[in-house]
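S.K.: This structure is in structure tokens; I'll ask about it shortly.
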Amino acid sequence: MAPTQKDVECVKVVVRCRPLSQDEVKSGHRSVVTARLPEQQIQIQQTGSSEAPREFTFDQVYDWNSRQQDIYNASARPIVDAVLTGYNGTIFAYGQTGCGKTFTMEGKEEPAELRGIIPQAFDHIFTEIAKGEHKQYLVRATYLEIYQEEVRDLLSKNPNQRLDVKETPDKGVYVKGLVQFVVKSVAEINSVLQVQSAAYVSAALAYQKCLTRHIESSRHGLSMSASSASWLVLARIAAGFDVRPWW
């Protein structure tokens, strides 16, 4: 059943459980988590305890057998569709280091079925734009990092410069001086984001770090003067980061 507009507008909490790593298996660890998919519940059984497991219910639950495409279609696709019609949307992965945020959000380039939410969203956006015979789109991309309450532009020629978050009546909340690139294809947006590899000096995601990719889509109707603009925010956030929205 297709989601209603009301469903898309609601904040949803989605839980994905990863399998034990090879190192965890070799060390004799065992999972204390059970994913009850029909009930959309997570059960946690304390090791060595005879007490009943604790149960938590979420909007969507995925176990370690879940596929990247299924997660995108059920959890991310409705949000991207809404962005293409003029609504703002945010998808962020939150959790401890090593829990699978990067795999869920970015995945692997090959094989295609291992691609995460971000590359699938890029394909989705430009595929839908190509279908818009009576509409014109202008897509801009930005890439920023929030670390210890400091905002850095990873696409800037000076990525170490601290940027300020501002708010005005006409713009709302925005990052002053944030570089925006107009992109016309998946290849172009991937090329733009590759620039950040030189700016991103950390070997791995540090604690309390939030990386966000913003995609602004401006939609203009050819047969009318109306236009709209929307943001799609894609982020991965380490546990401990204050997730109160700043945008």
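Simple scheme: letters A, B, ... for chains in structure tokens order, numbers from 1 for residues in each chain, numbers from 1 for ligands in the order shown.
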Near range 79-90 of chain A, counting only C-alpha atoms, which residues have an atom at most 7 Å away, once you skip same-chain residues fewer than 4 positions from it, shown as a PDB file with all heavy atoms, in the first residue's frame?
M.R.:
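Okay, this is what ended up in selection_4.pdb:
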ATOM      1  N   VAL A   8       4.135  10.428   5.087  1.00  0.00           N
ATOM      2  CA  VAL A   8       5.430  10.953   4.680  1.00  0.00           C
ATOM      3  C   VAL A   8       5.850  12.113   5.568  1.00  0.00           C
ATOM      4  O   VAL A   8       7.022  12.295   5.877  1.00  0.00           O
ATOM      5  CB  VAL A   8       5.387  11.389   3.206  1.00  0.00           C
ATOM      6  CG1 VAL A   8       6.695  12.062   2.807  1.00  0.00           C
ATOM      7  CG2 VAL A   8       5.127  10.184   2.304  1.00  0.00           C
ATOM      8  N   ALA A 121      19.421   7.564  -3.673  1.00  0.00           N
ATOM      9  CA  ALA A 121      18.665   8.819  -3.734  1.00  0.00           C
ATOM     10  C   ALA A 121      19.100   9.656  -4.923  1.00  0.00           C
ATOM     11  O   ALA A 121      18.270  10.272  -5.607  1.00  0.00           O
ATOM     12  CB  ALA A 121      18.844   9.609  -2.438  1.00  0.00           C
ATOM     13  N   SER A 217      16.437  21.134  -4.458  1.00  0.00           N
ATOM     14  CA  SER A 217      15.758  20.938  -5.735  1.00  0.00           C
ATOM     15  C   SER A 217      14.748  22.057  -5.940  1.00  0.00           C
ATOM     16  O   SER A 217      13.821  22.210  -5.157  1.00  0.00           O
ATOM     17  CB  SER A 217      15.036  19.582  -5.751  1.00  0.00           C
ATOM     18  OG  SER A 217      14.242  19.457  -6.901  1.00  0.00           O
ATOM     19  N   SER A 228       8.794  26.188  -6.676  1.00  0.00           N
ATOM     20  CA  SER A 228       8.998  25.778  -5.294  1.00  0.00           C
ATOM     21  C   SER A 228      10.430  25.316  -5.122  1.00  0.00           C
ATOM     22  O   SER A 228      11.100  24.966  -6.093  1.00  0.00           O
ATOM     23  CB  SER A 228       8.035  24.638  -4.908  1.00  0.00           C
ATOM     24  OG  SER A 228       8.275  23.488  -5.699  1.00  0.00           O
ATOM     25  N   ALA A 229      10.903  25.345  -3.888  1.00  0.00           N
ATOM     26  CA  ALA A 229      12.250  24.897  -3.582  1.00  0.00           C
ATOM     27  C   ALA A 229      12.198  24.018  -2.345  1.00  0.00           C
ATOM     28  O   ALA A 229      11.415  24.262  -1.423  1.00  0.00           O
ATOM     29  CB  ALA A 229      13.186  26.085  -3.344  1.00  0.00           C
ATOM     30  N   SER A 230      13.005  22.975  -2.311  1.00  0.00           N
ATOM     31  CA  SER A 230      13.008  22.057  -1.180  1.00  0.00           C
ATOM     32  C   SER A 230      14.414  21.535  -0.933  1.00  0.00           C
ATOM     33  O   SER A 230      15.276  21.577  -1.811  1.00  0.00           O
ATOM     34  CB  SER A 230      12.046  20.891  -1.430  1.00  0.00           C
ATOM     35  OG  SER A 230      12.372  20.219  -2.642  1.00  0.00           O
ATOM     36  N   TRP A 231      14.621  21.036   0.281  1.00  0.00           N
ATOM     37  CA  TRP A 231      15.919  20.488   0.680  1.00  0.00           C
ATOM     38  C   TRP A 231      15.774  19.018   1.011  1.00  0.00           C
ATOM     39  O   TRP A 231      14.808  18.599   1.645  1.00  0.00           O
ATOM     40  CB  TRP A 231      16.437  21.199   1.933  1.00  0.00           C
ATOM     41  CG  TRP A 231      17.023  22.551   1.695  1.00  0.00           C
ATOM     42  CD1 TRP A 231      16.386  23.750   1.801  1.00  0.00           C
ATOM     43  CD2 TRP A 231      18.370  22.855   1.318  1.00  0.00           C
ATOM     44  NE1 TRP A 231      17.240  24.778   1.513  1.00  0.00           N
ATOM     45  CE2 TRP A 231      18.471  24.250   1.222  1.00  0.00           C
ATOM     46  CE3 TRP A 231      19.495  22.071   1.062  1.00  0.00           C
ATOM     47  CZ2 TRP A 231      19.659  24.887   0.871  1.00  0.00           C
ATOM     48  CZ3 TRP A 231      20.670  22.701   0.712  1.00  0.00           C
ATOM     49  CH2 TRP A 231      20.756  24.092   0.625  1.00  0.00           C
ATOM     50  N   LEU A 232      16.752  18.242   0.589  1.00  0.00           N
ATOM     51  CA  LEU A 232      16.901  16.858   1.049  1.00  0.00           C
ATOM     52  C   LEU A 232      18.202  16.783   1.819  1.00  0.00           C
ATOM     53  O   LEU A 232      19.277  17.049   1.267  1.00  0.00           O
ATOM     54  CB  LEU A 232      16.927  15.876  -0.128  1.00  0.00           C
ATOM     55  CG  LEU A 232      17.250  14.417   0.227  1.00  0.00           C
ATOM     56  CD1 LEU A 232      16.191  13.842   1.164  1.00  0.00           C
ATOM     57  CD2 LEU A 232      17.376  13.569  -1.031  1.00  0.00           C
ATOM     58  N   VAL A 233      18.119  16.461   3.103  1.00  0.00           N
ATOM     59  CA  VAL A 233      19.298  16.374   3.959  1.00  0.00           C
ATOM     60  C   VAL A 233      19.592  14.906   4.221  1.00  0.00           C
ATOM     61  O   VAL A 233      18.748  14.184   4.738  1.00  0.00           O
ATOM     62  CB  VAL A 233      19.080  17.109   5.300  1.00  0.00           C
ATOM     63  CG1 VAL A 233      20.330  17.004   6.176  1.00  0.00           C
ATOM     64  CG2 VAL A 233      18.722  18.574   5.056  1.00  0.00           C
ATOM     65  N   LEU A 234      20.803  14.474   3.870  1.00  0.00           N
ATOM     66  CA  LEU A 234      21.245  13.093   4.076  1.00  0.00           C
ATOM     67  C   LEU A 234      22.431  13.127   5.018  1.00  0.00           C
ATOM     68  O   LEU A 234      23.436  13.782   4.723  1.00  0.00           O
ATOM     69  CB  LEU A 234      21.633  12.453   2.738  1.00  0.00           C
ATOM     70  CG  LEU A 234      20.548  12.466   1.651  1.00  0.00           C
ATOM     71  CD1 LEU A 234      21.132  12.046   0.310  1.00  0.00           C
ATOM     72  CD2 LEU A 234      19.397  11.555   2.039  1.00  0.00           C
TER      73      LEU A 234
END
S.K.: For Arg36 in chain A, which residue among A:Gln60, A:Gln22, A:Thr142, A:Gln148 is the nearest when counting only C-alpha atoms?
M.R.: A:Gln60
S.K.: Step one, run DSSP on the backbone; step two, keep only residues of range 19-230 of chain A assigned to alpha helix (DSSP H); then write them as a PyMOL selection string.
M.R.: chain A and resi 22-26+68-71+77-84+101-105+117-131+186-194+196-199
S.K.: CA of Phe92 in chain A and CA of Leu144 in chain A, how far apart in Å?
M.R.: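 Straight-line distance from CA of Leu144 in chain A to CA of Phe92 in chain A works out to 13.9 Å.
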S.K.: Counting only C-alpha atoms, figure out which residue out of A:Lys157, A:Arg16, A:His134, A:Arg236 gets nearest to Ser66 in chain A.
M.R.: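 Closest residue, counting only C-alpha atoms: A:Arg16.
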S.K.: For Ile117 in chain A, find every residue with an atom within 8 Å (counting only C-alpha atoms), except residues of its own chain fewer than 2 positions away, and show them as an MDAnalysis selection string.
M.R.: chainID A and resid 68 72 76 104:107 115 119:121
